[in-house]
$ cat input-v3.pdb   # PDB, C-alpha atoms, pLDDT in the B column
ATOM      1  CA  GLU A 387     123.496  57.052 126.873  1.00 88.00           C
ATOM      2  CA  ASP A 388     120.027  56.397 125.453  1.00 90.00           C
ATOM      3  CA  ILE A 389     119.051  60.031 125.961  1.00 90.00           C
ATOM      4  CA  ALA A 390     122.257  61.221 124.295  1.00 89.00           C
ATOM      5  CA  PHE A 391     121.660  58.857 121.378  1.00 90.00           C
ATOM      6  CA  ILE A 392     118.168  60.264 120.773  1.00 90.00           C
ATOM      7  CA  LEU A 393     119.269  63.905 120.952  1.00 89.00           C
ATOM      8  CA  ASP A 394     122.498  63.481 118.983  1.00 89.00           C
ATOM      9  CA  ARG A 395     120.649  61.890 116.077  1.00 88.00           C
ATOM     10  CA  MET A 396     118.246  64.815 115.936  1.00 85.00           C
ATOM     11  CA  VAL A 397     121.047  67.380 116.070  1.00 85.00           C
ATOM     12  CA  ALA A 398     122.830  65.521 113.265  1.00 82.00           C
ATOM     13  CA  ARG A 399     119.649  65.843 111.176  1.00 77.00           C
ATOM     14  CA  GLY A 400     119.659  69.587 111.804  1.00 76.00           C
ATOM     15  CA  VAL A 401     116.341  69.690 113.717  1.00 79.00           C
ATOM     16  CA  ARG A 402     117.726  71.515 116.735  1.00 82.00           C
ATOM     17  CA  ARG A 403     114.479  73.152 117.828  1.00 82.00           C
ATOM     18  CA  LYS A 404     112.774  69.753 117.789  1.00 85.00           C
ATOM     19  CA  ALA A 405     115.655  68.282 119.818  1.00 87.00           C
ATOM     20  CA  ASN A 406     114.986  70.896 122.499  1.00 88.00           C
ATOM     21  CA  SER A 407     111.282  70.062 122.467  1.00 88.00           C
ATOM     22  CA  VAL A 408     111.971  66.332 122.775  1.00 91.00           C
ATOM     23  CA  LEU A 409     114.355  66.936 125.687  1.00 91.00           C
ATOM     24  CA  ALA A 410     111.696  69.021 127.462  1.00 90.00           C
ATOM     25  CA  LEU A 411     109.138  66.235 127.016  1.00 92.00           C
ATOM     26  CA  LEU A 412     111.584  63.583 128.230  1.00 93.00           C
ATOM     27  CA  LYS A 413     112.437  65.623 131.325  1.00 91.00           C
ATOM     28  CA  GLN A 414     108.730  66.072 132.069  1.00 92.00           C
ATOM     29  CA  MET A 415     108.023  62.372 131.575  1.00 93.00           C
ATOM     30  CA  PHE A 416     110.856  61.131 133.774  1.00 93.00           C
ATOM     31  CA  ALA A 417     110.160  63.723 136.483  1.00 92.00           C
ATOM     32  CA  HIS A 418     106.627  62.346 136.625  1.00 93.00           C
ATOM     33  CA  GLY A 419     108.024  58.813 136.712  1.00 94.00           C
ATOM     34  CA  VAL A 420     110.238  59.588 139.715  1.00 93.00           C
ATOM     35  CA  ILE A 421     107.354  61.255 141.586  1.00 93.00           C
ATOM     36  CA  ARG A 422     105.028  58.320 140.946  1.00 93.00           C
ATOM     37  CA  GLY A 423     107.687  55.729 141.720  1.00 94.00           C
ATOM     38  CA  TYR A 424     107.853  54.232 138.219  1.00 95.00           C
ATOM     39  CA  VAL A 425     111.607  54.884 137.990  1.00 93.00           C
ATOM     40  CA  ASP A 426     114.259  55.432 140.645  1.00 93.00           C
ATOM     41  CA  VAL A 427     116.261  58.138 138.900  1.00 91.00           C
ATOM     42  CA  ASP A 428     115.769  60.728 136.163  1.00 91.00           C
ATOM     43  CA  PRO A 429     118.176  59.905 133.295  1.00 91.00           C
ATOM     44  CA  CYS A 430     117.720  63.464 131.979  1.00 90.00           C
ATOM     45  CA  TYR A 431     119.215  64.978 135.120  1.00 87.00           C
ATOM     46  CA  GLY A 432     121.828  67.584 134.191  1.00 87.00           C
ATOM     47  CA  TYR A 433     120.716  67.866 130.585  1.00 88.00           C
ATOM     48  CA  THR A 434     120.029  71.380 129.304  1.00 88.00           C
ATOM     49  CA  LYS A 435     119.406  72.882 125.868  1.00 86.00           C
ATOM     50  CA  LYS A 436     123.152  73.209 125.328  1.00 86.00           C
ATOM     51  CA  HIS A 437     123.295  69.394 125.330  1.00 84.00           C
ATOM     52  CA  ALA A 438     120.510  69.220 122.743  1.00 86.00           C
ATOM     53  CA  GLY A 439     119.629  71.848 120.144  1.00 83.00           C
ATOM     54  CA  GLY A 440     121.319  74.782 121.830  1.00 82.00           C
ATOM     55  CA  LYS A 441     119.947  78.261 122.413  1.00 75.00           C
ATOM     56  CA  GLU A 442     116.990  79.096 120.213  1.00 64.00           C
ATOM     57  CA  HIS A 443     116.848  82.373 118.334  1.00 65.00           C
ATOM     58  CA  SER A 444     113.588  83.889 117.164  1.00 60.00           C
ATOM     59  CA  ARG A 445     113.217  83.938 113.406  1.00 69.00           C
ATOM     60  CA  GLU A 446     113.404  87.253 111.611  1.00 83.00           C
ATOM     61  CA  ARG A 447     112.970  86.010 108.058  1.00 89.00           C
ATOM     62  CA  VAL A 448     111.105  88.466 105.856  1.00 92.00           C
ATOM     63  CA  LEU A 449     110.622  87.922 102.134  1.00 94.00           C
ATOM     64  CA  SER A 450     111.722  90.840  99.990  1.00 93.00           C
ATOM     65  CA  ALA A 451     109.552  92.316  97.258  1.00 92.00           C
ATOM     66  CA  GLU A 452     111.748  90.577  94.697  1.00 95.00           C
ATOM     67  CA  GLU A 453     111.326  87.248  96.496  1.00 95.00           C
ATOM     68  CA  LEU A 454     107.560  87.703  96.567  1.00 96.00           C
ATOM     69  CA  ARG A 455     107.520  88.167  92.812  1.00 96.00           C
ATOM     70  CA  ASP A 456     109.753  85.109  92.462  1.00 96.00           C
ATOM     71  CA  LEU A 457     107.462  83.092  94.743  1.00 96.00           C
ATOM     72  CA  ALA A 458     104.415  84.090  92.691  1.00 96.00           C
ATOM     73  CA  ALA A 459     106.144  82.795  89.558  1.00 96.00           C
ATOM     74  CA  ARG A 460     107.353  79.587  91.225  1.00 95.00           C
ATOM     75  CA  LEU A 461     104.131  78.473  92.943  1.00 95.00           C
ATOM     76  CA  PRO A 462     102.361  77.223  89.792  1.00 95.00           C
ATOM     77  CA  LYS A 463     105.453  75.201  88.826  1.00 93.00           C
ATOM     78  CA  ALA A 464     106.044  73.532  92.223  1.00 94.00           C
ATOM     79  CA  GLY A 465     103.680  70.600  91.803  1.00 92.00           C
ATOM     80  CA  LEU A 466     101.232  71.939  94.388  1.00 94.00           C
ATOM     81  CA  SER A 467      97.479  71.543  94.175  1.00 94.00           C
ATOM     82  CA  HIS A 468      95.478  74.650  93.288  1.00 95.00           C
ATOM     83  CA  PRO A 469      93.979  74.848  96.821  1.00 95.00           C
ATOM     84  CA  ILE A 470      97.439  74.790  98.440  1.00 95.00           C
ATOM     85  CA  GLN A 471      98.665  77.495  96.060  1.00 96.00           C
ATOM     86  CA  ALA A 472      95.617  79.585  96.910  1.00 97.00           C
ATOM     87  CA  ALA A 473      96.226  78.962 100.618  1.00 96.00           C
ATOM     88  CA  VAL A 474      99.782  80.330 100.392  1.00 96.00           C
ATOM     89  CA  ARG A 475      98.594  83.467  98.633  1.00 96.00           C
ATOM     90  CA  PHE A 476      95.711  83.859 101.090  1.00 97.00           C
ATOM     91  CA  LEU A 477      98.104  83.625 104.055  1.00 96.00           C
ATOM     92  CA  LEU A 478     100.251  86.330 102.515  1.00 95.00           C
ATOM     93  CA  ALA A 479      97.203  88.483 101.764  1.00 94.00           C
ATOM     94  CA  THR A 480      95.841  88.358 105.319  1.00 94.00           C
ATOM     95  CA  GLY A 481      98.846  87.908 107.599  1.00 93.00           C
ATOM     96  CA  VAL A 482      96.989  85.375 109.749  1.00 93.00           C
ATOM     97  CA  ARG A 483      98.569  82.493 111.637  1.00 91.00           C
ATOM     98  CA  VAL A 484      98.670  79.199 109.756  1.00 92.00           C
ATOM     99  CA  GLY A 485      96.828  77.475 112.606  1.00 91.00           C
ATOM    100  CA  GLU A 486      93.976  79.982 112.343  1.00 93.00           C
ATOM    101  CA  PHE A 487      93.673  79.343 108.619  1.00 94.00           C
ATOM    102  CA  ASN A 488      93.798  75.551 109.022  1.00 93.00           C
ATOM    103  CA  LEU A 489      90.721  75.673 111.269  1.00 93.00           C
ATOM    104  CA  ALA A 490      88.779  78.209 109.186  1.00 95.00           C
ATOM    105  CA  ARG A 491      85.295  77.119 108.134  1.00 95.00           C
ATOM    106  CA  TRP A 492      83.141  78.521 105.357  1.00 96.00           C
ATOM    107  CA  GLU A 493      80.551  79.590 107.916  1.00 96.00           C
ATOM    108  CA  HIS A 494      83.152  82.058 109.267  1.00 95.00           C
ATOM    109  CA  ILE A 495      83.353  83.845 105.903  1.00 96.00           C
ATOM    110  CA  ASP A 496      81.131  86.778 104.954  1.00 96.00           C
ATOM    111  CA  ALA A 497      82.103  87.144 101.301  1.00 93.00           C
ATOM    112  CA  PRO A 498      79.629  89.976 100.480  1.00 94.00           C
ATOM    113  CA  GLY A 499      80.939  91.899 103.485  1.00 96.00           C
ATOM    114  CA  ALA A 500      84.571  90.974 102.640  1.00 96.00           C
ATOM    115  CA  LEU A 501      85.043  89.722 106.188  1.00 97.00           C
ATOM    116  CA  TRP A 502      86.447  86.625 107.891  1.00 96.00           C
ATOM    117  CA  ILE A 503      85.585  86.187 111.542  1.00 95.00           C
ATOM    118  CA  ILE A 504      88.045  84.024 113.478  1.00 94.00           C
ATOM    119  CA  PRO A 505      86.180  82.709 116.545  1.00 93.00           C
ATOM    120  CA  LYS A 506      87.832  83.116 119.924  1.00 91.00           C
ATOM    121  CA  GLU A 507      88.399  79.377 120.296  1.00 90.00           C
ATOM    122  CA  HIS A 508      90.577  79.433 117.166  1.00 88.00           C
ATOM    123  CA  SER A 509      92.622  82.558 117.927  1.00 85.00           C
ATOM    124  CA  LYS A 510      95.872  82.536 119.863  1.00 80.00           C
ATOM    125  CA  ASN A 511      94.817  85.287 122.288  1.00 82.00           C
ATOM    126  CA  GLY A 512      91.403  83.764 122.943  1.00 86.00           C
ATOM    127  CA  ARG A 513      89.491  86.704 121.453  1.00 89.00           C
ATOM    128  CA  GLU A 514      87.368  86.910 118.334  1.00 92.00           C
ATOM    129  CA  HIS A 515      89.295  88.454 115.459  1.00 92.00           C
ATOM    130  CA  ARG A 516      87.792  90.130 112.387  1.00 93.00           C
ATOM    131  CA  VAL A 517      89.906  89.951 109.240  1.00 94.00           C
ATOM    132  CA  HIS A 518      88.927  92.368 106.467  1.00 94.00           C
ATOM    133  CA  LEU A 519      89.507  90.755 103.099  1.00 96.00           C
ATOM    134  CA  SER A 520      91.019  92.509 100.110  1.00 95.00           C
ATOM    135  CA  ALA A 521      89.940  91.792  96.544  1.00 96.00           C
ATOM    136  CA  PHE A 522      93.105  89.692  96.223  1.00 96.00           C
ATOM    137  CA  ALA A 523      92.190  87.605  99.298  1.00 96.00           C
ATOM    138  CA  LEU A 524      88.611  87.166  98.046  1.00 97.00           C
ATOM    139  CA  ARG A 525      89.937  85.920  94.720  1.00 96.00           C
ATOM    140  CA  GLU A 526      91.952  83.218  96.468  1.00 96.00           C
ATOM    141  CA  LEU A 527      88.884  82.294  98.528  1.00 95.00           C
ATOM    142  CA  GLY A 528      87.062  81.854  95.240  1.00 96.00           C
ATOM    143  CA  THR A 529      89.709  79.364  94.144  1.00 96.00           C
ATOM    144  CA  LEU A 530      89.356  77.469  97.419  1.00 95.00           C
ATOM    145  CA  GLY A 531      85.595  77.426  96.895  1.00 95.00           C
ATOM    146  CA  LEU A 532      85.987  75.688  93.544  1.00 95.00           C
ATOM    147  CA  TYR A 533      87.583  72.725  95.337  1.00 93.00           C
ATOM    148  CA  ARG A 534      85.377  72.734  98.447  1.00 93.00           C
ATOM    149  CA  GLU A 535      84.860  69.259  99.928  1.00 91.00           C
ATOM    150  CA  ASN A 536      83.453  69.975 103.382  1.00 92.00           C
ATOM    151  CA  ASP A 537      82.886  72.779 105.899  1.00 94.00           C
ATOM    152  CA  TRP A 538      86.568  73.795 106.105  1.00 94.00           C
ATOM    153  CA  LEU A 539      88.322  76.189 103.737  1.00 94.00           C
ATOM    154  CA  LEU A 540      91.021  73.597 103.141  1.00 93.00           C
ATOM    155  CA  SER A 541      90.176  69.978 103.830  1.00 91.00           C
ATOM    156  CA  SER A 542      92.291  66.957 104.682  1.00 87.00           C
ATOM    157  CA  ARG A 543      93.226  64.401 102.051  1.00 84.00           C
ATOM    158  CA  THR A 544      90.378  62.182 103.198  1.00 82.00           C
ATOM    159  CA  GLY A 545      87.904  65.062 102.940  1.00 80.00           C
ATOM    160  CA  GLU A 546      86.595  64.263 106.412  1.00 83.00           C
ATOM    161  CA  GLY A 547      88.098  67.194 108.307  1.00 87.00           C
ATOM    162  CA  PRO A 548      90.386  70.229 108.093  1.00 91.00           C
ATOM    163  CA  ILE A 549      93.843  70.042 106.590  1.00 92.00           C
ATOM    164  CA  ASP A 550      96.531  68.640 108.867  1.00 91.00           C
ATOM    165  CA  ASP A 551      98.140  71.277 111.064  1.00 86.00           C
ATOM    166  CA  LYS A 552     101.600  70.779 109.516  1.00 89.00           C
ATOM    167  CA  ALA A 553     100.606  69.990 105.941  1.00 92.00           C
ATOM    168  CA  ILE A 554     101.258  73.409 104.381  1.00 94.00           C
ATOM    169  CA  ALA A 555     104.582  73.855 106.189  1.00 93.00           C
ATOM    170  CA  LYS A 556     105.649  70.365 105.137  1.00 92.00           C
ATOM    171  CA  ALA A 557     104.764  71.036 101.499  1.00 93.00           C
ATOM    172  CA  MET A 558     106.812  74.256 101.541  1.00 94.00           C
ATOM    173  CA  ARG A 559     109.761  72.626 103.282  1.00 92.00           C
ATOM    174  CA  ASP A 560     109.884  69.656 100.886  1.00 91.00           C
ATOM    175  CA  ARG A 561     110.074  72.024  97.929  1.00 93.00           C
ATOM    176  CA  GLN A 562     113.019  73.922  99.374  1.00 92.00           C
ATOM    177  CA  ARG A 563     115.261  70.898  99.829  1.00 86.00           C
ATOM    178  CA  GLU A 564     118.159  70.513  97.429  1.00 80.00           C
ATOM    179  CA  GLU A 565     117.706  66.733  97.523  1.00 76.00           C
ATOM    180  CA  PRO A 566     114.243  65.160  97.891  1.00 70.00           C
ATOM    181  CA  LEU A 567     113.480  62.835 100.777  1.00 65.00           C
ATOM    182  CA  ALA A 568     112.951  59.168 100.032  1.00 64.00           C
ATOM    183  CA  GLY A 569     109.504  58.545  98.612  1.00 61.00           C
ATOM    184  CA  ARG A 570     108.893  62.212  97.723  1.00 57.00           C
ATOM    185  CA  THR A 571     108.581  63.526  94.194  1.00 54.00           C
ATOM    186  CA  THR A 572     112.004  64.432  92.800  1.00 56.00           C
ATOM    187  CA  LYS A 573     110.659  67.072  90.420  1.00 75.00           C
ATOM    188  CA  ALA A 574     109.466  69.239  93.324  1.00 83.00           C
ATOM    189  CA  ALA A 575     112.851  69.500  95.053  1.00 84.00           C
ATOM    190  CA  GLY A 576     114.163  73.061  95.098  1.00 90.00           C
ATOM    191  CA  THR A 577     111.176  74.547  93.256  1.00 92.00           C
ATOM    192  CA  LEU A 578     110.378  77.001  96.082  1.00 94.00           C
ATOM    193  CA  ARG A 579     113.927  77.914  97.093  1.00 93.00           C
ATOM    194  CA  LEU A 580     114.266  81.687  97.250  1.00 93.00           C
ATOM    195  CA  SER A 581     117.363  83.885  97.175  1.00 92.00           C
ATOM    196  CA  GLY A 582     117.064  84.884 100.831  1.00 92.00           C
ATOM    197  CA  GLY A 583     117.181  81.313 102.105  1.00 90.00           C
ATOM    198  CA  ASP A 584     114.702  78.945 103.720  1.00 91.00           C
ATOM    199  CA  TRP A 585     111.278  80.302 104.614  1.00 94.00           C
ATOM    200  CA  THR A 586     108.186  78.995 106.357  1.00 92.00           C
ATOM    201  CA  PRO A 587     104.464  79.811 106.127  1.00 92.00           C
ATOM    202  CA  HIS A 588     104.787  81.759 109.386  1.00 91.00           C
ATOM    203  CA  ASP A 589     107.376  83.989 107.683  1.00 94.00           C
ATOM    204  CA  LEU A 590     104.573  85.111 105.368  1.00 95.00           C
ATOM    205  CA  ARG A 591     102.847  86.632 108.406  1.00 93.00           C
ATOM    206  CA  ARG A 592     106.000  88.556 109.319  1.00 92.00           C
ATOM    207  CA  THR A 593     106.433  89.571 105.682  1.00 94.00           C
ATOM    208  CA  PHE A 594     102.851  90.852 105.578  1.00 94.00           C
ATOM    209  CA  ALA A 595     103.455  93.094 108.592  1.00 93.00           C
ATOM    210  CA  THR A 596     106.834  94.342 107.360  1.00 92.00           C
ATOM    211  CA  ARG A 597     105.647  95.155 103.859  1.00 92.00           C
ATOM    212  CA  LEU A 598     102.630  97.023 105.278  1.00 92.00           C
ATOM    213  CA  GLY A 599     105.099  99.155 107.205  1.00 91.00           C
ATOM    214  CA  ASP A 600     106.991  99.827 103.982  1.00 91.00           C
ATOM    215  CA  LEU A 601     103.737 101.124 102.488  1.00 91.00           C
ATOM    216  CA  GLY A 602     103.414 103.631 105.307  1.00 92.00           C
ATOM    217  CA  VAL A 603     100.733 101.861 107.351  1.00 92.00           C
ATOM    218  CA  ALA A 604     100.887 102.951 110.996  1.00 92.00           C
ATOM    219  CA  PRO A 605     102.388 100.311 113.357  1.00 88.00           C
ATOM    220  CA  HIS A 606      99.281 100.191 115.571  1.00 89.00           C
ATOM    221  CA  VAL A 607      97.150  99.491 112.505  1.00 89.00           C
ATOM    222  CA  VAL A 608      99.493  96.717 111.390  1.00 87.00           C
ATOM    223  CA  GLU A 609      99.346  95.176 114.857  1.00 83.00           C
ATOM    224  CA  ARG A 610      95.579  95.372 114.893  1.00 81.00           C
TER
END
$ encode --input "input-v3.pdb" --output "structure tokens"
Amino acid sequence: EDIAFILDRMVARGVRRKANSVLALLKQMFAHGVIRGYVDVDPCYGYTKKHAGGKEHSRERVLSAEELRDLAARLPKAGLSHPIQAAVRFLLATGVRVGEFNLARWEHIDAPGALWIIPKEHSKNGREHRVHLSAFALRELGTLGLYRENDWLLSSRTGEGPIDDKAIAKAMRDRQREEPLAGRTTKAAGTLRLSGGDWTPHDLRRTFATRLGDLGVAPHVVER
């Protein structure tokens, strides 16, 4: 009953993917507990994704050209700091993963050479990745440079480290809600809602690749 209570509350909130993740962690924890003799039975026995968030479908959200123009107009009016606005545009200009950007340091940037080198320890595939920067991307880097506080392109609120891993996604999500959450600014609610529905920073990566294809860029070049 306790397991059902936890999962049902999450499903009611609409966070189905998170419910699946929590169930997986609970199953792992209790399996370990049974093996080590901490508990006699696994209360998650028999539970599957269909009892939590259900089957997960990969996202296919791509922002249209019209939505991109709308987003450009909405960003300055969404109550976001200038560095966060620049970060969103930089993500769209480079197609990189949000996690790679969050860990980017100024020492990785070769502005004269218009190049950003993502070290292998920061890339998903474990290999160094070289990102060639357009004039648009360099302009957004310039904005980030005006607000530089430490060695990272975008710093945390305390200025003692990189921005929190979920900070950009959270800022985008809060500004797409019809009703603000308790304690959040009411003026920001709905300011980044686009005609195609909810979107995430990772959708900017997919949009980057799709729009390059529309411009006639070869698929293997896009992938590279």
$ atom_distance --input "input-v3.pdb" --atom1 "atom CA of Ile504 of chain A" --atom2 "atom CA of Val482 of chain A"
9.8 Å
$ residues_around --input "input-v3.pdb" --residues "Thr544 of chain A" --least-positions-apart "6" --cutoff "12 Å" --atoms "only C-alpha atoms" --output "list in words"
Glu535, Asn536 and Asp550 of chain A
$ residues_around --input "input-v3.pdb" --residues "Ile503 of chain A" --least-positions-apart "6" --cutoff "9 Å" --atoms "all atoms listed in the file" --output "ChimeraX atom specification"
/A:490,494-496,514-518
$ resolve_selection --input "input-v3.pdb" --expression "the PyMOL selection byres ((chain A and resi 433) around 12)" --output "PyMOL selection string"
chain A and resi 387+389-390+393+405-406+408-410+412-413+428-432+434-440
$ residues_around --input "input-v3.pdb" --residues "Gly583 of chain A" --least-positions-apart "4" --cutoff "12 Å" --atoms "all atoms listed in the file" --output "list in words"
Glu446, Arg447, Val448, Leu449, Ser450, Glu453, Arg559, Gln562, Arg563, Glu564, Gly576, Leu578, Arg579 and Asp589 of chain A
$ atom_distance --input "input-v3.pdb" --atom1 "atom CA of Leu519 of chain A" --atom2 "atom CA of Arg610 of chain A"
14.0 Å
$ axis_aligned_box --input "input-v3.pdb" --around "segment 389-405 of chain A" --padding-each-side "5 Å" --output "AutoDock Vina command-line options"
--center_x 117.8 --center_y 66.0 --center_z 118.6 --size_x 20.1 --size_y 24.3 --size_z 24.8
$ closest_residue --input "input-v3.pdb" --among "A:Leu489, A:Leu580, A:Leu527, A:Ala574" --to "Phe476 of chain A" --atoms "only C-alpha atoms"
A:Leu527
$ closest_residue --input "input-v3.pdb" --among "A:Thr577, A:Ser509, A:Thr596, A:Ser520" --to "Val484 of chain A" --atoms "only C-alpha atoms"
A:Ser509
$ atom_distance --input "input-v3.pdb" --atom1 "atom CA of Pro587 of chain A" --atom2 "atom CA of Ile392 of chain A"
28.0 Å
$ closest_residue --input "input-v3.pdb" --among "A:Ala451, A:Arg399, A:Thr529, A:Asp560" --to "Ser467 of chain A" --atoms "only C-alpha atoms"
A:Thr529
$ resolve_selection --input "input-v3.pdb" --expression "the PyMOL selection byres ((chain A and resi 553) around 12)" --output "CSV table (one decimal) with C-alpha atoms, keeping the file's coordinate frame"
chain,number,residue,atom,x,y,z
A,466,LEU,CA,101.2,71.9,94.4
A,470,ILE,CA,97.4,74.8,98.4
A,473,ALA,CA,96.2,79.0,100.6
A,474,VAL,CA,99.8,80.3,100.4
A,484,VAL,CA,98.7,79.2,109.8
A,485,GLY,CA,96.8,77.5,112.6
A,487,PHE,CA,93.7,79.3,108.6
A,488,ASN,CA,93.8,75.6,109.0
A,540,LEU,CA,91.0,73.6,103.1
A,541,SER,CA,90.2,70.0,103.8
A,542,SER,CA,92.3,67.0,104.7
A,543,ARG,CA,93.2,64.4,102.1
A,548,PRO,CA,90.4,70.2,108.1
A,549,ILE,CA,93.8,70.0,106.6
A,550,ASP,CA,96.5,68.6,108.9
A,551,ASP,CA,98.1,71.3,111.1
A,552,LYS,CA,101.6,70.8,109.5
A,554,ILE,CA,101.3,73.4,104.4
A,555,ALA,CA,104.6,73.9,106.2
A,556,LYS,CA,105.6,70.4,105.1
A,557,ALA,CA,104.8,71.0,101.5
A,558,MET,CA,106.8,74.3,101.5
A,559,ARG,CA,109.8,72.6,103.3
A,560,ASP,CA,109.9,69.7,100.9
A,586,THR,CA,108.2,79.0,106.4
A,587,PRO,CA,104.5,79.8,106.1
$ resolve_selection --input "input-v3.pdb" --expression "the PyMOL selection byres ((chain A and resi 597) around 12)" --output "ChimeraX atom specification"
/A:448-452,454,478-479,481,589-596,598-605,608
$ closest_residue --input "input-v3.pdb" --among "A:Gln414, A:Phe522, A:His508, A:Leu501" --to "Arg475 of chain A" --atoms "all atoms listed in the file"
A:Phe522
